[in-house]
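Student: Hey, dropping coords.cif in here, mmCIF, C-alpha atoms:
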```cif
data_target
loop_
_atom_site.group_PDB
_atom_site.id
_atom_site.type_symbol
_atom_site.label_atom_id
_atom_site.label_comp_id
_atom_site.auth_asym_id
_atom_site.auth_seq_id
_atom_site.Cartn_x
_atom_site.Cartn_y
_atom_site.Cartn_z
ATOM 1 C CA MET A 1 175.483 190.243 67.834
ATOM 2 C CA ARG A 2 176.957 191.590 64.631
ATOM 3 C CA ALA A 3 180.261 193.234 63.641
ATOM 4 C CA PHE A 4 181.014 195.241 60.513
ATOM 5 C CA LEU A 5 184.460 194.586 59.011
ATOM 6 C CA PHE A 6 186.445 196.733 56.559
ATOM 7 C CA PRO A 7 189.166 195.258 54.296
ATOM 8 C CA GLY A 8 192.780 196.297 53.923
ATOM 9 C CA GLN A 9 195.318 196.523 51.136
ATOM 10 C CA GLY A 10 195.124 193.755 48.563
ATOM 11 C CA SER A 11 191.370 194.146 48.104
ATOM 12 C CA GLN A 12 191.803 196.628 45.253
ATOM 13 C CA ALA A 13 190.915 195.689 41.673
ATOM 14 C CA VAL A 14 190.320 197.720 38.531
ATOM 15 C CA GLY A 15 186.568 198.072 38.100
ATOM 16 C CA MET A 16 185.889 198.226 41.841
ATOM 17 C CA GLY A 17 182.768 200.198 42.651
ATOM 18 C CA ALA A 18 181.753 200.813 39.047
ATOM 19 C CA ALA A 19 178.531 198.769 39.062
ATOM 20 C CA LEU A 20 177.645 200.001 42.542
ATOM 21 C CA ALA A 21 178.071 203.621 41.455
ATOM 22 C CA GLU A 22 175.725 203.068 38.514
ATOM 23 C CA ALA A 23 173.083 201.605 40.813
ATOM 24 C CA SER A 24 173.430 203.897 43.846
ATOM 25 C CA ARG A 25 173.390 207.685 44.137
ATOM 26 C CA ALA A 26 174.800 207.374 47.658
ATOM 27 C CA ALA A 27 177.796 205.433 46.350
ATOM 28 C CA ARG A 28 178.384 207.978 43.567
ATOM 29 C CA ASP A 29 178.355 210.746 46.157
ATOM 30 C CA VAL A 30 181.039 208.974 48.192
ATOM 31 C CA PHE A 31 183.333 208.543 45.193
ATOM 32 C CA GLY A 32 182.771 212.173 44.199
ATOM 33 C CA GLU A 33 183.520 213.472 47.686
ATOM 34 C CA VAL A 34 186.743 211.452 47.891
ATOM 35 C CA ASP A 35 187.842 212.745 44.485
ATOM 36 C CA GLU A 36 187.183 216.307 45.624
ATOM 37 C CA ALA A 37 189.008 215.835 48.923
ATOM 38 C CA LEU A 38 192.096 214.438 47.191
ATOM 39 C CA GLY A 39 192.029 216.671 44.129
ATOM 40 C CA GLN A 40 192.452 213.690 41.832
ATOM 41 C CA GLY A 41 190.293 211.428 39.695
ATOM 42 C CA LEU A 42 190.649 208.444 42.004
ATOM 43 C CA PHE A 43 187.324 206.896 41.039
ATOM 44 C CA LYS A 44 188.231 207.022 37.337
ATOM 45 C CA LEU A 45 191.440 205.168 38.253
ATOM 46 C CA MET A 46 189.421 202.648 40.261
ATOM 47 C CA ARG A 47 186.858 202.192 37.492
ATOM 48 C CA ASP A 48 189.020 201.901 34.411
ATOM 49 C CA GLY A 49 192.620 202.767 35.259
ATOM 50 C CA HIS A 50 195.757 200.658 35.070
ATOM 51 C CA GLU A 51 196.300 198.013 37.746
ATOM 52 C CA ASP A 52 199.879 199.148 38.386
ATOM 53 C CA GLN A 53 198.644 202.648 39.230
ATOM 54 C CA LEU A 54 195.809 201.413 41.410
ATOM 55 C CA LYS A 55 198.017 199.162 43.505
ATOM 56 C CA LEU A 56 200.400 202.020 44.356
ATOM 57 C CA THR A 57 200.017 202.360 48.105
ATOM 58 C CA GLU A 58 199.013 206.024 47.996
ATOM 59 C CA ASN A 59 196.160 205.171 45.596
ATOM 60 C CA ALA A 60 195.191 201.746 46.919
ATOM 61 C CA GLN A 61 194.617 202.890 50.491
ATOM 62 C CA PRO A 62 192.068 205.664 49.802
ATOM 63 C CA ALA A 63 190.527 203.602 46.977
ATOM 64 C CA ILE A 64 189.785 200.617 49.205
ATOM 65 C CA MET A 65 188.373 202.950 51.844
ATOM 66 C CA ALA A 66 186.202 204.746 49.267
ATOM 67 C CA HIS A 67 184.808 201.435 48.029
ATOM 68 C CA SER A 68 183.997 200.246 51.552
ATOM 69 C CA LEU A 69 182.367 203.541 52.470
ATOM 70 C CA ALA A 70 180.381 203.603 49.224
ATOM 71 C CA VAL A 71 178.924 200.215 50.157
ATOM 72 C CA PHE A 72 178.339 201.358 53.734
ATOM 73 C CA THR A 73 176.691 204.626 52.671
ATOM 74 C CA ALA A 74 174.410 202.837 50.216
ATOM 75 C CA LEU A 75 173.400 200.576 53.096
ATOM 76 C CA THR A 76 172.752 203.390 55.549
ATOM 77 C CA ARG A 77 171.360 206.144 53.322
ATOM 78 C CA GLU A 78 169.378 204.079 50.837
ATOM 79 C CA GLY A 79 168.859 200.967 52.934
ATOM 80 C CA GLY A 80 167.762 202.977 55.947
ATOM 81 C CA ILE A 81 170.180 201.196 58.281
ATOM 82 C CA GLU A 82 171.714 202.929 61.308
ATOM 83 C CA LEU A 83 175.142 201.626 62.328
ATOM 84 C CA ALA A 84 174.542 201.735 66.073
ATOM 85 C CA LYS A 85 171.415 199.605 65.682
ATOM 86 C CA ALA A 86 172.805 197.265 63.016
ATOM 87 C CA ALA A 87 176.232 196.476 64.497
ATOM 88 C CA ASP A 88 177.705 196.057 67.954
ATOM 89 C CA PHE A 89 181.334 196.542 66.894
ATOM 90 C CA VAL A 90 183.470 197.607 63.935
ATOM 91 C CA ALA A 91 186.970 196.521 62.944
ATOM 92 C CA GLY A 92 189.251 196.977 59.953
ATOM 93 C CA HIS A 93 192.370 195.263 58.690
ATOM 94 C CA SER A 94 195.256 197.766 58.716
ATOM 95 C CA LEU A 95 194.042 200.698 56.549
ATOM 96 C CA GLY A 96 190.535 199.275 57.021
ATOM 97 C CA GLU A 97 190.688 200.590 60.567
ATOM 98 C CA TYR A 98 190.341 204.095 59.110
ATOM 99 C CA SER A 99 187.332 202.948 57.057
ATOM 100 C CA ALA A 100 185.767 201.485 60.199
ATOM 101 C CA LEU A 101 186.310 204.716 62.116
ATOM 102 C CA CYS A 102 184.833 206.762 59.280
ATOM 103 C CA ALA A 103 181.764 204.523 59.185
ATOM 104 C CA ALA A 104 181.437 204.909 62.955
ATOM 105 C CA GLY A 105 181.640 208.709 62.758
ATOM 106 C CA SER A 106 185.109 209.274 64.244
ATOM 107 C CA PHE A 107 186.341 210.895 61.010
ATOM 108 C CA ASP A 108 184.382 212.500 58.196
ATOM 109 C CA LEU A 109 184.889 211.071 54.720
ATOM 110 C CA ALA A 110 187.108 213.845 53.344
ATOM 111 C CA THR A 111 189.399 213.693 56.376
ATOM 112 C CA THR A 112 189.649 209.904 56.087
ATOM 113 C CA ALA A 113 190.584 210.140 52.415
ATOM 114 C CA ARG A 114 193.309 212.708 53.075
ATOM 115 C CA LEU A 115 194.691 210.751 56.033
ATOM 116 C CA LEU A 116 194.934 207.580 53.972
ATOM 117 C CA LYS A 117 196.535 209.376 51.039
ATOM 118 C CA LEU A 118 199.158 210.735 53.428
ATOM 119 C CA ARG A 119 199.510 207.347 55.134
ATOM 120 C CA GLY A 120 200.154 205.658 51.791
ATOM 121 C CA GLN A 121 202.684 208.281 50.738
ATOM 122 C CA ALA A 122 204.449 208.193 54.100
ATOM 123 C CA MET A 123 204.638 204.395 54.170
ATOM 124 C CA GLN A 124 206.071 204.319 50.645
ATOM 125 C CA ALA A 125 208.582 207.075 51.401
ATOM 126 C CA ALA A 126 209.750 205.445 54.650
ATOM 127 C CA VAL A 127 211.742 202.744 52.863
ATOM 128 C CA PRO A 128 213.296 203.079 49.375
ATOM 129 C CA VAL A 129 211.958 200.593 46.818
ATOM 130 C CA GLY A 130 213.999 197.403 46.866
ATOM 131 C CA ILE A 131 215.114 197.725 50.488
ATOM 132 C CA GLY A 132 212.150 196.053 52.164
ATOM 133 C CA ALA A 133 209.809 193.143 51.484
ATOM 134 C CA MET A 134 206.977 191.085 52.945
ATOM 135 C CA ALA A 135 206.176 187.377 52.764
ATOM 136 C CA ALA A 136 203.206 185.217 53.705
ATOM 137 C CA LEU A 137 203.978 182.090 55.702
ATOM 138 C CA LEU A 138 201.316 179.472 55.041
ATOM 139 C CA GLY A 139 200.813 176.564 57.395
ATOM 140 C CA ALA A 140 202.487 178.600 60.138
ATOM 141 C CA ASN A 141 200.986 180.031 63.310
ATOM 142 C CA ILE A 142 202.346 183.139 65.002
ATOM 143 C CA GLU A 143 204.716 181.195 67.265
ATOM 144 C CA LEU A 144 206.347 179.440 64.307
ATOM 145 C CA ALA A 145 206.405 182.637 62.243
ATOM 146 C CA THR A 146 208.111 184.475 65.094
ATOM 147 C CA ARG A 147 210.805 181.766 65.257
ATOM 148 C CA ILE A 148 211.355 181.899 61.492
ATOM 149 C CA ALA A 149 211.606 185.695 61.540
ATOM 150 C CA ALA A 150 214.103 185.633 64.410
ATOM 151 C CA ALA A 151 216.242 182.991 62.695
ATOM 152 C CA ALA A 152 216.265 184.925 59.413
ATOM 153 C CA ALA A 153 216.982 188.390 60.812
ATOM 154 C CA GLU A 154 220.776 188.133 61.179
ATOM 155 C CA GLY A 155 220.991 191.717 62.369
ATOM 156 C CA GLU A 156 218.378 193.030 59.928
ATOM 157 C CA VAL A 157 214.717 193.757 60.557
ATOM 158 C CA CYS A 158 212.464 190.728 60.187
ATOM 159 C CA SER A 159 209.274 190.549 62.250
ATOM 160 C CA VAL A 160 205.682 189.376 62.223
ATOM 161 C CA ALA A 161 203.454 192.007 60.593
ATOM 162 C CA ASN A 162 200.001 190.401 60.271
ATOM 163 C CA ASP A 163 198.679 187.527 62.367
ATOM 164 C CA ASN A 164 195.821 186.874 59.951
ATOM 165 C CA GLU A 165 194.663 183.447 61.092
ATOM 166 C CA MET A 166 195.995 180.197 62.540
ATOM 167 C CA SER A 167 197.782 179.117 59.366
ATOM 168 C CA GLN A 168 198.564 182.419 57.636
ATOM 169 C CA VAL A 169 201.011 184.898 59.088
ATOM 170 C CA VAL A 170 202.792 187.702 57.221
ATOM 171 C CA ILE A 171 206.353 188.796 58.001
ATOM 172 C CA SER A 172 208.000 192.088 57.073
ATOM 173 C CA GLY A 173 211.463 193.611 57.030
ATOM 174 C CA HIS A 174 214.667 194.002 55.024
ATOM 175 C CA VAL A 175 214.593 192.182 51.698
ATOM 176 C CA GLY A 176 217.631 190.055 52.555
ATOM 177 C CA ALA A 177 216.047 188.873 55.797
ATOM 178 C CA ILE A 178 212.746 188.106 54.089
ATOM 179 C CA ASP A 179 214.576 186.134 51.380
ATOM 180 C CA ARG A 180 216.336 184.130 54.111
ATOM 181 C CA ALA A 181 213.025 183.511 55.872
ATOM 182 C CA ILE A 182 211.457 182.214 52.660
ATOM 183 C CA ALA A 183 214.435 179.906 52.082
ATOM 184 C CA MET A 184 214.316 178.396 55.565
ATOM 185 C CA ALA A 185 210.548 178.422 56.181
ATOM 186 C CA ARG A 186 209.791 174.855 55.077
ATOM 187 C CA ASP A 187 212.746 173.387 56.930
ATOM 188 C CA LEU A 188 211.526 175.079 60.109
ATOM 189 C CA GLY A 189 207.989 173.737 59.729
ATOM 190 C CA ALA A 190 205.961 176.084 57.517
ATOM 191 C CA LYS A 191 204.047 174.572 54.627
ATOM 192 C CA ARG A 192 204.944 177.344 52.179
ATOM 193 C CA ALA A 193 206.390 180.869 52.006
ATOM 194 C CA ILE A 194 205.332 183.379 49.359
ATOM 195 C CA LEU A 195 206.931 186.739 48.588
ATOM 196 C CA LEU A 196 204.132 189.326 48.493
ATOM 197 C CA PRO A 197 203.819 191.858 45.636
ATOM 198 C CA VAL A 198 203.987 194.944 47.869
ATOM 199 C CA SER A 199 206.039 198.082 47.450
ATOM 200 C CA ALA A 200 207.113 198.537 51.069
ATOM 201 C CA PRO A 201 207.593 196.504 54.283
ATOM 202 C CA PHE A 202 204.473 197.441 56.226
ATOM 203 C CA HIS A 203 203.926 196.930 59.967
ATOM 204 C CA CYS A 204 207.537 196.650 61.043
ATOM 205 C CA SER A 205 210.072 199.017 62.628
ATOM 206 C CA LEU A 206 211.260 200.214 59.200
ATOM 207 C CA MET A 207 207.967 202.139 59.041
ATOM 208 C CA GLN A 208 208.949 204.440 61.936
ATOM 209 C CA PRO A 209 209.245 207.549 59.679
ATOM 210 C CA ALA A 210 205.672 206.914 58.499
ATOM 211 C CA ALA A 211 204.510 206.533 62.109
ATOM 212 C CA GLU A 212 206.018 209.926 62.901
ATOM 213 C CA ALA A 213 204.296 211.511 59.895
ATOM 214 C CA MET A 214 200.949 210.039 60.944
ATOM 215 C CA GLU A 215 201.466 211.090 64.560
ATOM 216 C CA GLU A 216 201.827 214.687 63.384
ATOM 217 C CA ALA A 217 198.810 214.476 61.058
ATOM 218 C CA LEU A 218 196.565 212.739 63.581
ATOM 219 C CA GLY A 219 197.631 215.210 66.246
ATOM 220 C CA GLN A 220 196.035 217.941 64.135
ATOM 221 C CA THR A 221 192.891 215.894 63.402
ATOM 222 C CA ASP A 222 189.684 215.986 65.415
ATOM 223 C CA ILE A 223 188.677 212.436 66.332
ATOM 224 C CA LYS A 224 185.215 211.766 67.738
ATOM 225 C CA ALA A 225 184.229 208.755 69.797
ATOM 226 C CA PRO A 226 182.899 206.061 67.425
ATOM 227 C CA ALA A 227 179.189 205.220 67.491
ATOM 228 C CA VAL A 228 180.104 201.630 68.426
ATOM 229 C CA PRO A 229 183.386 200.285 69.846
ATOM 230 C CA LEU A 230 186.283 199.662 67.461
ATOM 231 C CA TYR A 231 188.294 196.485 67.967
ATOM 232 C CA ALA A 232 191.797 197.844 67.462
ATOM 233 C CA ASN A 233 194.484 196.072 65.409
ATOM 234 C CA VAL A 234 197.250 196.578 67.959
ATOM 235 C CA THR A 235 195.339 195.378 71.044
ATOM 236 C CA ALA A 236 192.551 193.119 69.693
ATOM 237 C CA ALA A 237 190.362 194.898 72.243
ATOM 238 C CA PRO A 238 187.464 197.381 72.001
ATOM 239 C CA VAL A 239 188.156 201.108 72.243
ATOM 240 C CA LEU A 240 185.958 204.220 72.316
ATOM 241 C CA ASP A 241 188.275 206.932 73.664
ATOM 242 C CA PRO A 242 189.447 209.325 70.890
ATOM 243 C CA GLY A 243 192.863 209.900 72.486
ATOM 244 C CA THR A 244 193.515 206.182 72.717
ATOM 245 C CA ILE A 245 192.343 205.686 69.130
ATOM 246 C CA ARG A 246 194.816 208.348 67.983
ATOM 247 C CA GLU A 247 197.700 206.637 69.807
ATOM 248 C CA GLN A 248 196.763 203.204 68.484
ATOM 249 C CA LEU A 249 196.548 204.404 64.872
ATOM 250 C CA VAL A 250 200.129 205.658 65.181
ATOM 251 C CA GLU A 251 201.286 202.442 66.861
ATOM 252 C CA GLN A 252 199.568 200.406 64.138
ATOM 253 C CA ILE A 253 201.991 201.696 61.453
ATOM 254 C CA THR A 254 204.925 199.773 62.940
ATOM 255 C CA GLY A 255 202.931 197.288 65.022
ATOM 256 C CA LEU A 256 201.480 193.833 64.562
ATOM 257 C CA VAL A 257 197.986 193.568 63.066
ATOM 258 C CA ARG A 258 196.406 191.127 65.526
ATOM 259 C CA TRP A 259 193.551 190.057 63.265
ATOM 260 C CA ARG A 260 193.240 186.463 64.474
ATOM 261 C CA GLU A 261 192.956 187.635 68.062
ATOM 262 C CA THR A 262 190.537 190.404 67.063
ATOM 263 C CA ILE A 263 188.056 188.025 65.457
ATOM 264 C CA ALA A 264 188.430 185.497 68.256
ATOM 265 C CA ALA A 265 187.831 188.206 70.857
ATOM 266 C CA MET A 266 184.686 189.451 69.109
ATOM 267 C CA ALA A 267 183.391 185.900 68.797
ATOM 268 C CA ALA A 268 184.072 185.363 72.513
ATOM 269 C CA ALA A 269 182.187 188.595 73.232
ATOM 270 C CA GLY A 270 179.128 187.133 71.522
ATOM 271 C CA VAL A 271 179.447 188.233 67.883
ATOM 272 C CA GLU A 272 177.736 185.620 65.709
ATOM 273 C CA GLU A 273 177.653 187.488 62.391
ATOM 274 C CA PHE A 274 180.501 189.280 60.620
ATOM 275 C CA VAL A 275 179.686 191.540 57.660
ATOM 276 C CA GLU A 276 182.562 192.525 55.357
ATOM 277 C CA LEU A 277 181.864 195.775 53.511
ATOM 278 C CA GLY A 278 183.624 196.163 50.171
ATOM 279 C CA GLY A 279 185.646 192.968 50.062
ATOM 280 C CA LYS A 280 185.762 189.182 50.344
ATOM 281 C CA VAL A 281 189.224 188.471 51.772
ATOM 282 C CA LEU A 282 188.418 188.944 55.456
ATOM 283 C CA GLY A 283 185.425 186.624 55.343
ATOM 284 C CA GLY A 284 187.586 183.608 54.571
ATOM 285 C CA MET A 285 189.857 184.417 57.488
ATOM 286 C CA VAL A 286 186.872 184.811 59.810
ATOM 287 C CA LYS A 287 185.493 181.382 58.909
ATOM 288 C CA ARG A 288 188.825 179.774 59.775
ATOM 289 C CA ILE A 289 189.068 181.648 63.085
ATOM 290 C CA ALA A 290 185.403 181.372 64.138
ATOM 291 C CA PRO A 291 183.943 178.428 62.143
ATOM 292 C CA ASP A 292 180.485 178.752 63.692
ATOM 293 C CA ALA A 293 180.117 182.427 62.778
ATOM 294 C CA ARG A 294 177.975 183.624 59.912
ATOM 295 C CA VAL A 295 179.952 185.620 57.337
ATOM 296 C CA THR A 296 178.430 187.979 54.778
ATOM 297 C CA SER A 297 180.281 189.870 52.039
ATOM 298 C CA VAL A 298 178.590 193.039 50.788
ATOM 299 C CA MET A 299 179.865 194.473 47.507
ATOM 300 C CA THR A 300 176.974 194.867 45.043
ATOM 301 C CA ILE A 301 173.691 196.727 45.207
ATOM 302 C CA GLU A 302 171.972 193.335 45.455
ATOM 303 C CA ASP A 303 174.122 192.522 48.484
ATOM 304 C CA VAL A 304 173.236 195.891 50.023
ATOM 305 C CA GLU A 305 169.515 195.389 49.462
ATOM 306 C CA ALA A 306 169.592 191.845 50.858
ATOM 307 C CA LEU A 307 171.413 192.943 54.029
ATOM 308 C CA ALA A 308 169.162 195.972 54.503
ATOM 309 C CA LYS A 309 166.105 193.728 54.237
ATOM 310 C CA GLU A 310 167.566 191.283 56.743
ATOM 311 C CA ILE A 311 168.499 193.919 59.303
ATOM 312 C CA ALA A 312 165.346 196.046 59.007
#
```
Kindly transcribe the structure held in the file into structure tokens.
Tutor:
Amino acid sequence: MRAFLFPGQGSQAVGMGAALAEASRAARDVFGEVDEALGQGLFKLMRDGHEDQLKLTENAQPAIMAHSLAVFTALTREGGIELAKAADFVAGHSLGEYSALCAAGSFDLATTARLLKLRGQAMQAAVPVGIGAMAALLGANIELATRIAAAAAEGEVCSVANDNEMSQVVISGHVGAIDRAIAMARDLGAKRAILLPVSAPFHCSLMQPAAEAMEEALGQTDIKAPAVPLYANVTAAPVLDPGTIREQLVEQITGLVRWRETIAAMAAAGVEEFVELGGKVLGGMVKRIAPDARVTSVMTIEDVEALAKEIA
């Protein structure tokens, strides 16, 4: 069995998609359609813009999605691969869940781009710059991270945001609480704590205004059942029902990204191969969660052609 995975924020880099666009008409079409949907030159920013502009949440989210979908569309349109025959499940890390749903036909590309632009803007607007922060706890599992977050809170928000794998958990909340967590992390048993270069505290209760904005937007959006089940971030379980998907996408804004459990659950369900489309970060996590699984990263036209040949 095979699962297609779609990366989240942090996978952006200036130059992303440029070589693929030169080699693939399908990829160029994706970038062009996203630009048209957003009314901005996002692909020009991705190709040769400034890193500070690209990593802005409202740009990074649709850019990462566009890159993933360009790879996916090159694979399906030019490689002749059909998702339902090539993969048993899809999953995405945070914003990557929207990419996964687009690939599986729940959203069209233009709708996905607009939703992610709004999601990025709403998440940035939810908390003024300098009020919130995020930190990665290395050498800490979710139980230890939860204890550190609780000890550091002192009346402020400090909670686990991403359970990425057994020794990498991300916490999110008020900047003072995150600073306290970093200071006490080693004494409480973590190997290391690193402040993350993000502009807002994602996946914690401070994101409630963004959740409300997305609830309104998703309530006005037609969602189709995906061609294959999506393993959802907030449950680490497969879902096909459009109404449930809508609710879980809203919950995901403030909720824990249960990535470790998601990969473990897919592996337990029989998935032996994980294919990451448009990134390389998730693959490393997968290998630590499911060491026996085969992991493939698809980013270049050569990667696309090799995978298409293998699946055909």
Student: Can I get the residues of segment 25-67 of chain A within 8 Å of segment 114-137 of chain A, each with the closest pair of atoms and their distance in Å to one decimal, using all atoms listed in the file, sorted chain first then ascending number, as a Markdown table?
Tutor:
```
| residue | atom | partner | partner_atom | distance |
| --- | --- | --- | --- | --- |
| A:Ala37 | CA | A:Arg114 | CA | 6.7 |
| A:Leu38 | CA | A:Arg114 | CA | 6.3 |
| A:Thr57 | CA | A:Gly120 | CA | 4.9 |
| A:Glu58 | CA | A:Gly120 | CA | 4.0 |
| A:Asn59 | CA | A:Lys117 | CA | 6.9 |
| A:Ala60 | CA | A:Gly120 | CA | 8.0 |
| A:Gln61 | CA | A:Leu116 | CA | 5.8 |
| A:Pro62 | CA | A:Leu116 | CA | 5.4 |
```
Student: Rank nothing, just name the residue among A:Ala26, A:Val175, A:Asp52, A:Met184 nearest to Gly80 of chain A, using all atoms listed in the file.
Tutor: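 Of A:Ala26, A:Val175, A:Asp52, A:Met184, the one nearest Gly80 of chain A is A:Ala26, counting all atoms listed in the file.
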Student: Please provide the set of residues having any atom within 7 Å of Ser172 of chain A, restricted to all atoms listed in the file, with same-chain residues fewer than 2 positions apart removed, written as a list of chain:residue names.
Tutor: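 Listing them by chain and then by number gives A:Ala133, A:Met134, A:Ala135, A:Cys158, A:Ser159, A:Val160, A:Ala161, A:Val170, A:Ile178, A:Pro201, A:Phe202, A:His203, A:Cys204.
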Student: Suppose a student applies the PyMOL selection byres ((chain A and resi 265) around 12) to this structure; what residues should they get, written as a ChimeraX atom specification?
Tutor: /A:3,89,91,231-233,235-238,258-264,266-272,286,289-290
Student: If you apply the PyMOL selection byres ((chain A and resi 65) around 9) to this file, what residues do you get, as a PyMOL selection string?
Tutor: chain A and resi 6-8+60-64+66-70+95-96+98-100+112-113+116+278
Student: Counting all atoms listed in the file, what is within 8 Å of segment 241-257 of chain A, bar same-chain residues fewer than 6 positions away, as a list in words?
Tutor: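 Once the nearby chain positions are removed, what remains is His93, Ser94, Ser106, Val160, Ala161, Asn162, Asp163, Asn164, Phe202, His203, Cys204, Ser205, Leu206, Met207, Gln208, Ala210, Ala211, Glu212, Met214, Glu215, Leu218, Gly219, Ile223, Lys224, Ala225, Ala232, Asn233 and Val234 of chain A.
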Student: What's the separation between atom CA of Gly139 of chain A and atom CA of Gly176 of chain A, in Å to one decimal place?
Tutor: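 For atom CA of Gly139 of chain A relative to atom CA of Gly176 of chain A, the distance reads 22.1 Å.
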Student: Closest to Asp222 of chain A among A:Ala13, A:Gly105, A:Asp303, A:Ile194, using all atoms listed in the file?
Tutor: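 Ranking A:Ala13, A:Gly105, A:Asp303, A:Ile194 by distance to Asp222 of chain A, first place goes to A:Gly105.
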Student: Rounded to one decimal in Å, what is the spacing between atom CA of Leu75 of chain A and atom CA of Val239 of chain A?
Tutor: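 Atom CA of Val239 of chain A lies 24.2 Å from atom CA of Leu75 of chain A.
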Student: For this structure, which residues satisfy the selection - the PyMOL selection byres ((chain A and resi 151) around 10) - when it is evaluated on the file as given? I want them as a compact mmCIF listing (two decimals) with C-alpha atoms, in the frame of the given file.
Tutor:
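Result written to part-v4.txt:
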```txt
# COMPACT_ATOMS: atom_id res chain seq x y z
CA ALA A 145 206.40 182.64 62.24
CA THR A 146 208.11 184.48 65.09
CA ARG A 147 210.80 181.77 65.26
CA ILE A 148 211.36 181.90 61.49
CA ALA A 149 211.61 185.70 61.54
CA ALA A 150 214.10 185.63 64.41
CA ALA A 152 216.26 184.92 59.41
CA ALA A 153 216.98 188.39 60.81
CA GLU A 154 220.78 188.13 61.18
CA GLY A 155 220.99 191.72 62.37
CA CYS A 158 212.46 190.73 60.19
CA ALA A 177 216.05 188.87 55.80
CA ARG A 180 216.34 184.13 54.11
CA ALA A 181 213.02 183.51 55.87
CA MET A 184 214.32 178.40 55.56
CA ALA A 185 210.55 178.42 56.18
CA LEU A 188 211.53 175.08 60.11
```
Student: I'd like the contact shell of Leu277 of chain A - 7 Å cut-off, all atoms listed in the file, skipping same-chain residues fewer than 4 positions apart - returned as number ranges by chain.
Tutor: A: 5-6, 68, 71-72, 297-299
